[in-house]
>>> print(open('my_file_14.txt').read())   # compact mmCIF, C-alpha atoms
# COMPACT_ATOMS: atom_id res chain seq x y z
CA MET A 1 0.00 0.00 0.00
CA LYS A 2 1.25 3.45 -0.93
CA ILE A 3 0.28 6.51 1.08
CA VAL A 4 1.22 10.07 0.18
CA GLY A 5 1.16 12.83 2.76
CA LEU A 6 0.61 16.09 0.95
CA SER A 7 1.40 19.42 2.53
CA GLY A 8 -0.57 21.80 0.34
CA ALA A 9 0.92 25.25 0.92
CA ILE A 10 4.19 26.84 -0.16
CA VAL A 11 4.32 29.21 2.82
CA GLY A 12 3.79 28.76 6.54
CA LYS A 13 4.87 26.14 9.05
CA LYS A 14 1.82 24.71 10.81
CA THR A 15 0.61 22.43 8.03
CA ARG A 16 4.05 20.90 7.59
CA ILE A 17 4.35 20.29 11.34
CA ALA A 18 1.01 18.49 11.30
CA MET A 19 2.04 16.48 8.23
CA ASP A 20 5.31 15.47 9.88
CA ARG A 21 3.23 14.03 12.69
CA ILE A 22 1.10 12.11 10.17
CA VAL A 23 4.20 10.61 8.61
CA LYS A 24 5.65 9.77 12.03
CA THR A 25 2.49 7.91 13.03
CA LEU A 26 2.34 6.12 9.69
CA SER A 27 5.92 4.93 9.79
CA GLU A 28 5.75 3.87 13.45
CA LYS A 29 2.39 2.10 13.37
CA TYR A 30 2.47 0.84 9.81
CA PRO A 31 6.10 0.30 8.78
CA GLU A 32 4.93 -2.01 5.96
CA ILE A 33 3.22 0.92 4.21
CA ASP A 34 5.21 2.84 1.63
CA THR A 35 4.85 6.40 2.93
CA THR A 36 5.97 9.53 1.08
CA LEU A 37 5.69 13.11 2.24
CA ILE A 38 5.32 15.75 -0.43
CA ASP A 39 5.55 19.32 0.80
CA LEU A 40 4.61 21.57 -2.11
CA ALA A 41 6.99 24.17 -0.66
CA ASP A 42 9.87 21.89 -1.66
CA TYR A 43 8.83 21.67 -5.30
CA ASP A 44 8.54 24.02 -8.20
CA VAL A 45 5.14 23.02 -9.58
CA ARG A 46 3.88 24.73 -12.74
CA PHE A 47 0.40 26.12 -13.26
CA SER A 48 -1.91 23.62 -14.88
CA ASP A 49 -2.36 24.32 -18.60
CA GLY A 50 -4.64 21.42 -19.42
CA ARG A 51 -2.06 18.85 -20.47
CA ASN A 52 -2.21 15.26 -19.30
CA TYR A 53 -0.17 15.09 -16.11
CA LEU A 54 2.34 12.71 -17.72
CA ASP A 55 3.24 15.38 -20.27
CA TYR A 56 4.77 17.72 -17.67
CA GLU A 57 8.41 17.53 -16.72
CA GLY A 58 10.49 17.90 -13.58
CA ASP A 59 8.84 18.63 -10.23
CA THR A 60 5.36 19.00 -11.71
CA ARG A 61 5.47 15.52 -13.21
CA TYR A 62 7.05 14.03 -10.09
CA VAL A 63 4.42 15.43 -7.72
CA ALA A 64 1.44 14.59 -9.96
CA LYS A 65 2.74 11.06 -10.61
CA LYS A 66 3.37 10.36 -6.92
CA VAL A 67 -0.18 11.43 -6.08
CA MET A 68 -1.65 9.38 -8.93
CA GLU A 69 0.24 6.26 -7.87
CA ALA A 70 -0.92 6.44 -4.26
CA ASP A 71 -3.62 4.21 -2.77
CA ALA A 72 -4.37 6.81 -0.13
CA ILE A 73 -3.55 10.49 0.29
CA ILE A 74 -3.62 12.57 3.41
CA ILE A 75 -3.92 16.21 2.49
CA GLY A 76 -2.73 18.90 4.85
CA THR A 77 -3.97 22.39 4.09
CA PRO A 78 -3.96 25.79 5.75
CA VAL A 79 -6.87 28.21 5.34
CA PHE A 80 -6.18 31.02 2.88
CA GLN A 81 -8.93 33.58 2.27
CA ALA A 82 -11.57 31.21 3.63
CA SER A 83 -10.46 28.44 1.26
CA ILE A 84 -7.58 26.16 0.27
CA PRO A 85 -4.31 27.65 -0.97
CA ALA A 86 -3.86 28.11 -4.73
CA SER A 87 -0.93 25.70 -4.71
CA LEU A 88 -3.20 22.88 -3.58
CA LYS A 89 -5.96 23.77 -6.03
CA ASN A 90 -3.36 23.88 -8.80
CA LEU A 91 -2.33 20.32 -7.97
CA PHE A 92 -5.97 19.21 -8.28
CA ASP A 93 -6.17 21.04 -11.60
CA LEU A 94 -3.09 19.19 -12.87
CA LEU A 95 -4.79 15.82 -12.37
CA PRO A 96 -7.45 14.05 -14.46
CA VAL A 97 -11.12 14.32 -13.38
CA ASN A 98 -11.18 10.78 -12.02
CA ALA A 99 -7.80 11.11 -10.33
CA PHE A 100 -8.99 9.95 -6.91
CA ARG A 101 -11.09 7.02 -8.09
CA ASN A 102 -10.37 4.06 -5.78
CA LYS A 103 -8.23 6.29 -3.57
CA VAL A 104 -8.89 7.13 0.03
CA VAL A 105 -8.33 10.78 0.91
CA GLY A 106 -8.03 12.16 4.44
CA MET A 107 -7.79 15.81 5.43
CA ILE A 108 -6.04 17.85 8.05
CA VAL A 109 -6.63 21.58 8.27
CA THR A 110 -4.53 24.17 10.07
CA ALA A 111 -5.85 27.65 10.74
CA GLY A 112 -5.23 30.81 12.68
CA THR A 113 -8.80 30.96 13.94
CA PRO A 114 -11.60 28.50 14.74
CA LYS A 115 -13.98 30.57 12.61
CA HIS A 116 -13.11 28.64 9.44
CA TYR A 117 -13.62 25.19 10.83
CA LEU A 118 -16.12 24.34 8.06
CA MET A 119 -13.67 25.27 5.31
CA ALA A 120 -12.84 21.60 4.58
CA GLU A 121 -16.54 20.79 4.49
CA GLN A 122 -17.43 23.60 2.10
CA GLN A 123 -14.32 24.02 -0.04
CA LEU A 124 -12.20 20.88 0.00
CA LYS A 125 -14.68 18.02 0.23
CA PRO A 126 -16.69 19.02 -2.87
CA ILE A 127 -13.52 18.97 -4.97
CA LEU A 128 -12.45 15.60 -3.60
CA ALA A 129 -15.94 14.20 -4.12
CA TYR A 130 -15.97 15.45 -7.72
CA MET A 131 -12.62 13.76 -8.31
CA LYS A 132 -14.19 10.52 -7.02
CA ALA A 133 -12.23 10.21 -3.77
CA GLU A 134 -13.33 7.86 -1.01
CA ILE A 135 -13.26 10.56 1.65
CA VAL A 136 -12.36 9.91 5.27
CA GLN A 137 -15.29 11.92 6.59
CA THR A 138 -13.76 13.04 9.87
CA TYR A 139 -10.91 15.49 9.46
CA VAL A 140 -8.57 17.10 11.92
CA PHE A 141 -8.80 20.85 12.46
CA ILE A 142 -5.85 22.44 14.23
CA GLU A 143 -5.77 26.01 15.45
CA GLU A 144 -2.98 28.44 16.18
CA LYS A 145 -3.36 27.83 19.93
CA ASP A 146 -2.67 24.10 19.52
CA PHE A 147 0.89 24.90 18.43
CA TYR A 148 3.68 26.07 20.66
CA GLN A 149 7.28 26.65 19.56
CA ASN A 150 6.79 24.79 16.29
CA LYS A 151 5.30 21.75 17.95
CA ILE A 152 1.80 20.42 18.41
CA HIS A 153 1.08 21.33 21.98
CA ASN A 154 -2.34 19.73 22.41
CA ASP A 155 -2.52 15.99 23.16
CA ASP A 156 -6.07 15.94 21.90
CA ILE A 157 -4.82 16.92 18.45
CA ILE A 158 -2.15 14.21 18.50
CA ASP A 159 -4.86 11.69 19.32
CA ARG A 160 -7.03 12.89 16.50
CA ILE A 161 -4.17 12.83 14.01
CA ASP A 162 -3.40 9.25 15.01
CA ARG A 163 -7.05 8.34 14.59
CA LEU A 164 -7.12 9.97 11.15
CA VAL A 165 -4.18 7.79 10.11
CA GLU A 166 -5.87 4.71 11.52
CA ASP A 167 -9.14 5.51 9.71
CA ALA A 168 -7.39 6.20 6.42
CA VAL A 169 -5.46 2.91 6.56
CA LEU A 170 -8.53 0.92 7.59
CA LEU A 171 -10.67 2.45 4.84
CA THR A 172 -7.98 1.82 2.23
CA LYS A 173 -7.70 -1.83 3.22
CA THR A 174 -11.49 -2.20 3.33
CA TYR A 175 -12.09 -0.64 -0.09
CA ALA A 176 -9.30 -2.76 -1.58
CA LYS A 177 -11.06 -5.86 -0.31
CA VAL A 178 -14.48 -4.72 -1.49
CA HIS A 179 -13.15 -3.99 -4.99
CA GLU A 180 -11.25 -7.25 -5.10
CA GLU A 181 -14.39 -9.19 -4.25
CA LYS A 182 -16.53 -7.33 -6.78
CA GLU A 183 -13.92 -7.71 -9.51
CA LYS A 184 -13.78 -11.46 -8.96
CA GLU A 185 -17.40 -11.65 -10.13
CA TYR A 186 -16.57 -10.21 -13.55
CA GLY A 187 -14.25 -13.04 -14.47
CA PHE A 188 -11.97 -10.96 -16.69
CA MET B 1 -33.33 17.32 -38.30
CA ILE B 2 -29.87 16.28 -37.20
CA ARG B 3 -30.90 12.66 -37.57
CA HIS B 4 -31.14 12.94 -41.32
CA SER B 5 -28.06 15.01 -41.94
CA SER B 6 -25.65 13.21 -39.66
CA ARG B 7 -22.33 12.64 -41.39
CA SER B 8 -20.40 11.69 -38.28
CA PRO B 9 -19.40 8.11 -37.73
CA THR B 10 -19.64 6.30 -34.44
CA ALA B 11 -16.33 4.90 -33.26
CA GLY B 12 -14.83 2.90 -30.44
CA PHE B 13 -12.99 -0.14 -29.22
CA PHE B 14 -14.00 -3.32 -30.97
CA TYR B 15 -13.54 -6.94 -30.11
CA ALA B 16 -15.56 -9.93 -31.23
CA ALA B 17 -15.27 -13.43 -29.77
CA GLU B 18 -17.44 -16.52 -29.30
CA ASP B 19 -19.40 -14.96 -26.46
CA THR B 20 -19.49 -11.86 -24.26
CA ARG B 21 -17.44 -13.33 -21.46
CA GLN B 22 -14.65 -14.48 -23.72
CA ALA B 23 -14.62 -11.14 -25.54
CA LEU B 24 -14.41 -9.19 -22.26
CA CYS B 25 -11.69 -11.55 -20.95
CA GLU B 26 -9.50 -11.21 -24.01
CA LEU B 27 -9.96 -7.48 -24.47
CA TYR B 28 -9.70 -6.24 -20.88
CA PRO B 29 -5.94 -6.65 -20.29
CA ARG B 30 -5.24 -4.82 -23.58
CA ILE B 31 -7.51 -1.87 -22.79
CA ASN B 32 -6.33 -1.66 -19.20
CA GLU B 33 -2.63 -1.72 -20.09
CA GLY B 34 -3.08 0.59 -23.06
CA MET B 35 -4.92 3.14 -20.92
CA LYS B 36 -2.24 2.97 -18.25
CA ARG B 37 0.43 3.77 -20.80
CA THR B 38 -1.44 6.53 -22.59
CA ASN B 39 -3.32 8.21 -19.74
CA GLY B 40 -1.60 6.97 -16.60
CA GLN B 41 -4.75 5.31 -15.24
CA GLY B 42 -6.06 1.83 -15.97
CA PHE B 43 -9.63 1.12 -17.10
CA PRO B 44 -11.92 0.37 -14.12
CA LYS B 45 -13.33 -3.16 -14.32
CA LYS B 46 -16.71 -1.92 -13.15
CA LEU B 47 -17.01 0.33 -16.21
CA PHE B 48 -15.54 -2.23 -18.57
CA ALA B 49 -18.13 -4.78 -17.47
CA GLN B 50 -20.79 -2.50 -19.02
CA GLY B 51 -19.00 -2.62 -22.38
CA ALA B 52 -21.35 -5.16 -23.93
CA ASP B 53 -24.46 -3.12 -23.11
CA PRO B 54 -26.10 -1.56 -26.20
CA HIS B 55 -25.81 1.88 -24.63
CA ASN B 56 -22.05 1.62 -24.19
CA ILE B 57 -19.88 2.92 -27.02
CA MET B 58 -17.42 0.02 -26.79
CA ASN B 59 -18.28 -2.81 -29.13
CA VAL B 60 -17.31 -5.98 -27.37
CA GLY B 61 -19.13 -9.30 -27.43
CA SER B 62 -20.36 -11.96 -29.84
CA PRO B 63 -20.72 -11.04 -33.53
CA GLN B 64 -24.52 -11.03 -33.13
CA GLN B 65 -24.32 -8.61 -30.19
CA ILE B 66 -22.04 -6.37 -32.21
CA ILE B 67 -24.37 -6.40 -35.21
CA GLU B 68 -27.24 -5.38 -32.95
CA LYS B 69 -25.26 -2.56 -31.41
CA ILE B 70 -24.16 -1.16 -34.77
CA LEU B 71 -27.76 -1.27 -36.01
CA TYR B 72 -28.97 0.32 -32.79
CA GLN B 73 -26.51 3.18 -33.27
CA HIS B 74 -27.55 3.46 -36.90
CA GLU B 75 -31.16 3.86 -35.87
CA VAL B 76 -30.31 6.49 -33.28
CA PHE B 77 -27.71 8.51 -35.20
CA TYR B 78 -28.43 7.53 -38.80
CA ASN B 79 -24.67 7.29 -39.22
CA GLN B 80 -23.24 6.13 -42.53
CA ARG B 81 -19.85 5.16 -41.18
CA TYR B 82 -18.55 3.23 -38.21
CA ILE B 83 -14.90 3.23 -37.17
CA VAL B 84 -13.39 0.48 -35.05
CA GLN B 85 -10.17 0.32 -33.08
CA ILE B 86 -9.04 -3.27 -32.82
CA ASP B 87 -5.29 -3.18 -32.24
CA PHE B 88 -5.16 -1.06 -29.05
CA GLY B 89 -2.90 -2.11 -26.18
CA GLY B 90 -0.79 -4.59 -28.14
CA MET B 91 -3.55 -6.87 -29.41
CA PRO B 92 -1.78 -9.86 -31.07
CA PHE B 93 -1.77 -9.91 -34.85
CA ASP B 94 -3.71 -13.17 -35.18
CA LYS B 95 -6.53 -11.76 -33.05
CA VAL B 96 -6.62 -8.58 -35.14
CA MET B 97 -6.82 -10.67 -38.30
CA LYS B 98 -9.51 -12.87 -36.84
CA ASN B 99 -11.58 -9.79 -35.97
CA SER B 100 -11.18 -8.34 -39.47
CA ASP B 101 -12.34 -11.68 -40.78
CA VAL B 102 -15.43 -11.71 -38.53
CA ILE B 103 -16.29 -8.19 -39.70
CA ARG B 104 -15.97 -9.27 -43.36
CA SER B 105 -17.76 -12.60 -43.14
CA GLU B 106 -20.43 -12.09 -40.47
CA ILE B 107 -20.94 -8.51 -39.40
CA LEU B 108 -20.83 -6.56 -42.67
CA PRO B 109 -23.22 -8.86 -44.57
CA ALA B 110 -25.77 -8.59 -41.75
CA ILE B 111 -25.49 -4.79 -41.63
CA ARG B 112 -25.77 -4.53 -45.43
CA LYS B 113 -28.82 -6.74 -45.45
CA TYR B 114 -30.52 -4.47 -42.95
CA THR B 115 -29.55 -1.15 -44.54
CA ALA B 116 -30.45 -2.41 -48.06
CA LYS B 117 -33.90 -3.42 -46.90
CA LYS B 118 -34.63 0.11 -45.74
CA LYS B 119 -34.26 1.70 -49.18
>>> encode(input="my_file_14.txt", output="structure tokens")
Amino acid sequence: MKIVGLSGAIVGKKTRIAMDRIVKTLSEKYPEIDTTLIDLADYDVRFSDGRNYLDYEGDTRYVAKKVMEADAIIIGTPVFQASIPASLKNLFDLLPVNAFRNKVVGMIVTAGTPKHYLMAEQQLKPILAYMKAEIVQTYVFIEEKDFYQNKIHNDDIIDRIDRLVEDAVLLTKTYAKVHEEKEKEYGF
Amino acid sequence: MIRHSSRSPTAGFFYAAEDTRQALCELYPRINEGMKRTNGQGFPKKLFAQGADPHNIMNVGSPQQIIEKILYQHEVFYNQRYIVQIDFGGMPFDKVMKNSDVIRSEILPAIRKYTAKKK
């Protein structure tokens, strides 16, 4: 099983800190899973111009291909102007419409204020649903006050991150089994 | 009416075999692999399983099923041409030849018989 942790912004620290925790939990609890962290801040991803994702080169191709090859993706996103950052939306735009078919997608949101706690519900989930993702319905919302000196300060958040990982892995395994069983019936 | 002025052909994947199951079995790995190489994503089995349905654009099944689908499309679109793609995804040469042969010996005569009758 391949899981990609995706940190969706090119500025800021909180999302990356949360994603590091995701990767830590994944590699400690599920060492058999092939885990990759992609922080968009580390890559020079081009704006989508409508090409098939395999026709890009360099970082753009690498990032899109990694996401496409994953069985599950955990997306970390900050809140920018009451929505997701452009860098994350651009990644979605680089991918085909059915990109998340048969993929489980979990979400973790970092924000400066609790006032945007429905952002994932109203902005991110519709995109993921359109792209056919099997969404892990419960996401983790982390506020400014849960961080202290570049660390997650709130045990509650750690618990919820660990549960998100657990849910994502369980759902991925379950869907794989369901599809396997259904596909057996076709006989081709 | 568009129906009477349609000059567009219908087109799609094509594979004829003894029966639906055999046709789906022999075509699926080709389509799946071909799609992976051209688009990066394979062809979902769930969608492929609908390929033999008259409403699906793919033409896969027994020669009789294929004849019926071509005639169905002809009735809906009044198309004068139909384009098939047989060799996608590395279909072996003998299978391609066998399909051309089925088109020549079974499918075309049946279609011609039907379209001639209408005049």
>>> closest_atom_pairs(input="my_file_14.txt", of="chain A", to="chain B", cutoff="10 Å", atoms="only C-alpha atoms", output="Markdown table")
| residue | atom | partner | partner_atom | distance |
| --- | --- | --- | --- | --- |
| A:Asn52 | CA | B:Asn39 | CA | 7.2 |
| A:Tyr53 | CA | B:Gly40 | CA | 8.3 |
| A:Leu54 | CA | B:Gly40 | CA | 7.1 |
| A:Asp55 | CA | B:Asn39 | CA | 9.7 |
| A:Lys65 | CA | B:Gly40 | CA | 8.5 |
| A:Met68 | CA | B:Gly40 | CA | 8.0 |
| A:Glu69 | CA | B:Gly40 | CA | 9.0 |
| A:Pro96 | CA | B:Asn39 | CA | 8.9 |
| A:Asn98 | CA | B:Gln41 | CA | 9.0 |
| A:Ala99 | CA | B:Gln41 | CA | 8.2 |
| A:Arg101 | CA | B:Pro44 | CA | 9.0 |
| A:Asn102 | CA | B:Pro44 | CA | 9.3 |
| A:His179 | CA | B:Lys46 | CA | 9.1 |
| A:Lys182 | CA | B:Lys46 | CA | 8.4 |
| A:Glu183 | CA | B:Lys45 | CA | 6.6 |
| A:Lys184 | CA | B:Lys45 | CA | 9.9 |
| A:Tyr186 | CA | B:Ala49 | CA | 6.9 |
| A:Gly187 | CA | B:Cys25 | CA | 7.1 |
| A:Phe188 | CA | B:Cys25 | CA | 4.3 |
>>> residues_around(input="my_file_14.txt", residues="His74 in chain B", least_positions_apart="4", cutoff="10 Å", atoms="only C-alpha atoms", output="list in words")
Arg3, Pro9, Thr10, Glu68, Lys69, Ile70, Tyr78, Asn79, Gln80, Arg81, Tyr82, Ile111 and Thr115 of chain B
>>> atom_distance(input="my_file_14.txt", atom1="CA of Ala18 in chain A", atom2="CA of Glu57 in chain A")
29.0 Å
>>> residues_around(input="my_file_14.txt", residues="Thr113 in chain A", least_positions_apart="5", cutoff="9 Å", atoms="all atoms listed in the file", output="list of chain:residue names")
A:Glu143, A:Glu144, A:Lys145
>>> residues_near_point(input="my_file_14.txt", point="(-14.8, 2.9, -30.1)", cutoff="8 Å", atoms="all atoms listed in the file", output="PyMOL selection string")
chain B and resi 10-14+57-59+83-85
>>> closest_atom_pairs(input="my_file_14.txt", of="range 95-172 of chain A", to="range 27-44 of chain A", cutoff="12 Å", atoms="all atoms listed in the file", output="Markdown table")
| residue | atom | partner | partner_atom | distance |
| --- | --- | --- | --- | --- |
| A:Asp162 | CA | A:Lys29 | CA | 9.3 |
| A:Arg163 | CA | A:Lys29 | CA | 11.4 |
| A:Val165 | CA | A:Lys29 | CA | 9.3 |
| A:Glu166 | CA | A:Lys29 | CA | 8.9 |
| A:Ala168 | CA | A:Tyr30 | CA | 11.7 |
| A:Val169 | CA | A:Tyr30 | CA | 8.8 |
| A:Leu170 | CA | A:Tyr30 | CA | 11.2 |
| A:Thr172 | CA | A:Ile33 | CA | 11.4 |
>>> atom_distance(input="my_file_14.txt", atom1="CA of Thr20 in chain B", atom2="CA of Lys132 in chain A")
28.7 Å
>>> atom_distance(input="my_file_14.txt", atom1="CA of Gly34 in chain B", atom2="CA of Phe100 in chain A")
19.6 Å
>>> closest_residue(input="my_file_14.txt", among="A:Ile84, A:Leu91, A:Ile74, A:Ala133", to="Arg21 in chain A", atoms="only C-alpha atoms")
A:Ile74
>>> axis_aligned_box(input="my_file_14.txt", around="range 177-184 of chain A", padding_each_side="6 Å", output="lines of an AutoDock Vina configuration file")
center_x = -13.8
center_y = -7.7
center_z = -4.9
size_x = 17.5
size_y = 19.5
size_z = 21.2
